[in-house]
Amino acid sequence: MSYRYPLSTYETLKRVTFSVDHGERVALLGVNGAGKTTILKHINGLLKPYSGTVMVYGADTKSTKVSELARKVGMVFQNPNQQLFAQTCWDEVAFAMKNFRFSYDDISRRVEAVLKEFDLWDYRDESPFLLSSGEKKRLSLASVLVYEPKILIMDEPTSGQDILQKKKIGELIRGFKGDAVIVSTHDLEFVARYLERAIIVEQGRIVADGPVRDLFYDGSLEKFGLVEPQIVNVSKELGVIGRPLVVEEFVRVVKEGNLR
Amino acid sequence: MRAIEVKDLSFAYEGSEKYALKDINLSVERGEFVVLAGPSGCGKSTLIKTINGLIPAFYRGRYEGEISVEGHNPAKEQPHELFKIIGTVFQEPDTQLLTFSVERELAFPLENSGMRREEMRQLVEDALRRFGLSALRYKSPAELSGGEQQRVAIAAALISRPSVLLLDEPTSSLDPKTSQEVLSIVRELNASGITVVISEHKLSLLLPFANKLVVMREGRIVDQGPPGDVILKMVGQNLIEVPDPVSAYLGLKEIGLTLRKVPLTSRELVEEVRIAINVRRGGD
């Protein structure tokens with residue numbers, strides 16, 4: 001697919017091709033302005049390609065209603081201020097389920113569970129706009145997860161989050177019961193720990209696509225202006241065998257004496 | 001000489017039973033680089049707002065204790081007076097940039113202080129040059145990239161040459177390369193003598209330059225001291241993000257490979273592991 005924003009003189013996306021299978025957890029990487037968010041907005045039909053096609057569960061997004069796509073594809077935006085609008089946190093989280101005509105019992109049960117999971121239950125009657133930026137982010141995540149979409153899309157979910165919330169988001173990705181998760185992020189330590197496949201975007205093109213371990217060790221990160229995780233950097237310097245991605249793997253490799 | 005002295009400070013926002021800050025004691029020497037860390041909602045931002053006087057000037061509440069910044073009491077002085085002593089950079093650049101050009105953005109705080117025109121122009125020219133913003137002077141801040149916006153915000157915070165710079169999560173909306181660029185500006189400013197207090201979640205880029213790490217939880221300071229010492233005590237507590245070289249230090253210790261010191265950077269970890277392995281091989 002290719003995409004050009006209205007009135008723009010250049011293509012934001014240039015002949016982008018990829019597919020995501022059941023069970024995949026994919027990281028979308030690239031510097032600011034590379035086109036990550038534009039790609040994500042094509043998957044839930046907010047944007048339609050001006051050439052090429054985007055198929056979600058076999059249906060062309062051009063001929064599918066956004067509301068139909070939204071039921072299957074949940075999207076958490078980078079800036080929660082663009083997403084939040086309701087009077088109270090409870091209403092915010094309940095909104096999508098009401099639209100999808102869930103029963104009141106289902107709604108109240110799931111809204112409570114999700115708000116508690118994200119440490120937001122105490123704020124249920126308060127305005128979303130009074131929350132801190134980290135809390136707003138969690139609320140926007142809760143308002144999508146509550147209706148259990150099959151595909152979960154998250155734009156920069158960990159930015160500004162503390163260590164505990166980051167771990168929660170990571171566990172949520174790992175334990176996601178739907179079909180696929182696609183996450184755009186700058187946090188490569190997070191990618192190393194929680195995602196298996198990475199797609200690197202540069203100036204609107206996909207320039208690398210493969211297992212995280214391959215891309216983190218074949219020079220792709222430096223080539224496309226990304227900062228490699230410290231453990232990867234250290235392992236390369238030390239000539240460690242086994243391509244560790246996280247601290248635990250690094251320690252195990254050193255313990256087994258796998259140093260050149 | 002002390003730059004900042006916080007004594008028995010407590011603060012509760014109006015209408016809240018809970019203290020946002022409780023019994024804070026902190027002193028910062030001139031030229032120090034201090035990192036504030038802790039979970040969201042722990043009071044980092046509130047502490048910054050008390051040091052620059054936004055609290056109590058713009059936020060009502062119960063205020064106990066005392067702060068002194070370069071001999072001034074921020075609770076008692078006018079914000080535009082404090083502006084000459086303390087500069088502040090906030091989390092999201094787009095919420096603090098107000099005007100239609102970079103040049104105006106830099107002049108704006110000075111206009112409010114009643115400074116003479118010639119003097120103002122001189123300071124703006126100096127800042128444009130110093131922060132590499134000359135080419136962007138007529139651009140609207142809204143057109144700039146996130147990194148450029150933060151550079152403008154830092155330049156504006158320092159326009160009247162204050163000696164203390166406060167930064168509240170300045171890189172949380174930036175990509176890693178741009179974060180490094182912004183932080184290296186902060187580091188250079190610190191090297192030129194400016195006292196820096198910065199709050200951040202991602203510590204791996206900051207700890208190598210910090211003199212002091214202050215960890216907060218629920219409005220209180222739980223620990224403060226040299227980064228290497230404090231960070232070791234924080235492992236496994238889920239309060240702050242422990243940089244991987246520090247976690248690796250502990251993991252290696254468990255398998256019997258003891259490094260001479262706690263590494264804070266990748267390079268230090270590489271060096272220390274090489275030394276430790278050579279020592280072990282030499283000893284066999």
# chains A, B, ... in the order shown; residues from 1 in each chain; ligands from 1
$ select_by_dssp --residues "range 171-221 of chain A" --states "alpha helix (DSSP H)" --output "ChimeraX atom specification"
/A:171-174,188-194,212-217,220-221
$ interface_residues --of "chain A" --to "chain B" --cutoff "6 Å" --atoms "only C-alpha atoms" --output "JSON, numbers by chain"
{"A": [159, 160, 162, 163, 164, 186, 230, 234, 247, 251]}
$ residues_around --residues "Arg187 in chain B" --least-positions-apart "2" --cutoff "12 Å" --atoms "only C-alpha atoms" --output "ChimeraX atom specification"
/B:31-34,165,180-185,189-198,205-211
$ closest_residue --among "B:Glu29, B:Asp168, B:Glu64, B:Glu272" --to "Asn52 in chain B" --atoms "only C-alpha atoms"
B:Asp168
$ residues_around --residues "Pro79 in chain B" --least-positions-apart "6" --cutoff "9 Å" --atoms "only C-alpha atoms" --output "ChimeraX atom specification"
/B:52-54,57
$ closest_residue --among "B:Phe100, B:Phe11, B:Phe108, B:Tyr63" --to "Tyr138 in chain B" --atoms "only C-alpha atoms"
B:Phe100
$ residues_around --residues "Ser51 in chain A" --least-positions-apart "5" --cutoff "10 Å" --atoms "only C-alpha atoms" --output "list in words"
Met1, Ser2, Tyr3, Arg4, Lys14 and Arg15 of chain A
$ residues_around --residues "range 146-150 of chain A" --least-positions-apart "2" --cutoff "10 Å" --atoms "only C-alpha atoms" --output "PyMOL selection string"
chain A and resi 22+69-75+93-98+100+102+106-107+109-115+141-144+152-153+176-181
$ write_last_selection --atoms "C-alpha atoms" --output "compact mmCIF listing (two decimals), in the first residue's frame"
# COMPACT_ATOMS: atom_id res chain seq x y z
CA HIS A 22 -2.33 -15.57 14.08
CA LEU A 69 -13.23 -2.98 11.84
CA ALA A 70 -13.14 -1.35 15.27
CA ARG A 71 -14.90 -4.36 16.77
CA LYS A 72 -12.00 -6.57 15.63
CA VAL A 73 -9.10 -4.15 15.73
CA GLY A 74 -8.57 -2.21 18.96
CA MET A 75 -6.25 0.76 18.72
CA VAL A 93 -14.15 2.54 29.42
CA ALA A 94 -17.82 1.58 28.96
CA PHE A 95 -18.28 3.63 25.78
CA ALA A 96 -17.14 1.11 23.17
CA MET A 97 -19.03 -1.79 24.79
CA LYS A 98 -22.22 0.30 24.83
CA PHE A 100 -21.25 -2.68 20.42
CA PHE A 102 -23.17 -5.53 25.08
CA ASP A 106 -21.43 -7.57 30.87
CA ILE A 107 -20.42 -3.96 30.65
CA ARG A 109 -18.53 -6.52 35.15
CA ARG A 110 -15.81 -6.00 32.56
CA VAL A 111 -15.38 -2.27 33.16
CA GLU A 112 -14.81 -2.95 36.86
CA ALA A 113 -12.30 -5.73 36.15
CA VAL A 114 -10.32 -3.65 33.67
CA LEU A 115 -10.28 -0.50 35.82
CA LEU A 141 -5.52 1.14 27.08
CA ALA A 142 -8.30 -0.05 29.42
CA SER A 143 -11.00 1.44 27.19
CA VAL A 144 -9.78 -0.68 24.28
CA LEU A 152 -4.53 -5.14 19.47
CA ILE A 153 -2.66 -2.14 18.11
CA PHE A 176 -3.10 -11.40 24.97
CA LYS A 177 -5.78 -13.94 24.09
CA GLY A 178 -6.71 -12.48 20.69
CA ASP A 179 -4.98 -13.15 17.42
CA ALA A 180 -2.19 -10.60 17.09
CA VAL A 181 -0.52 -7.60 18.72
$ residues_around --residues "range 223-235 of chain B" --least-positions-apart "4" --cutoff "6 Å" --atoms "only C-alpha atoms" --output "NGL selection string"
:B and (211-215)
$ write_last_selection --atoms "N, CA and C atoms" --output "PDB file, in the first residue's frame"
ATOM      1  N   ASN B 211      25.376  13.230  40.020  1.00  0.00           N
ATOM      2  CA  ASN B 211      26.076  13.195  41.301  1.00  0.00           C
ATOM      3  C   ASN B 211      25.206  12.519  42.345  1.00  0.00           C
ATOM      4  N   LYS B 212      23.896  12.671  42.146  1.00  0.00           N
ATOM      5  CA  LYS B 212      23.000  12.206  43.189  1.00  0.00           C
ATOM      6  C   LYS B 212      21.732  11.650  42.564  1.00  0.00           C
ATOM      7  N   LEU B 213      21.276  10.513  43.116  1.00  0.00           N
ATOM      8  CA  LEU B 213      19.995   9.942  42.690  1.00  0.00           C
ATOM      9  C   LEU B 213      19.049  10.007  43.880  1.00  0.00           C
ATOM     10  N   VAL B 214      17.871  10.590  43.652  1.00  0.00           N
ATOM     11  CA  VAL B 214      16.866  10.703  44.705  1.00  0.00           C
ATOM     12  C   VAL B 214      15.671   9.846  44.301  1.00  0.00           C
ATOM     13  N   VAL B 215      15.311   8.863  45.119  1.00  0.00           N
ATOM     14  CA  VAL B 215      14.184   7.999  44.787  1.00  0.00           C
ATOM     15  C   VAL B 215      13.000   8.351  45.684  1.00  0.00           C
TER      16      VAL B 215
END
$ atom_distance --atom1 "CA of Val254 in chain A" --atom2 "CA of Glu171 in chain A"
26.8 Å
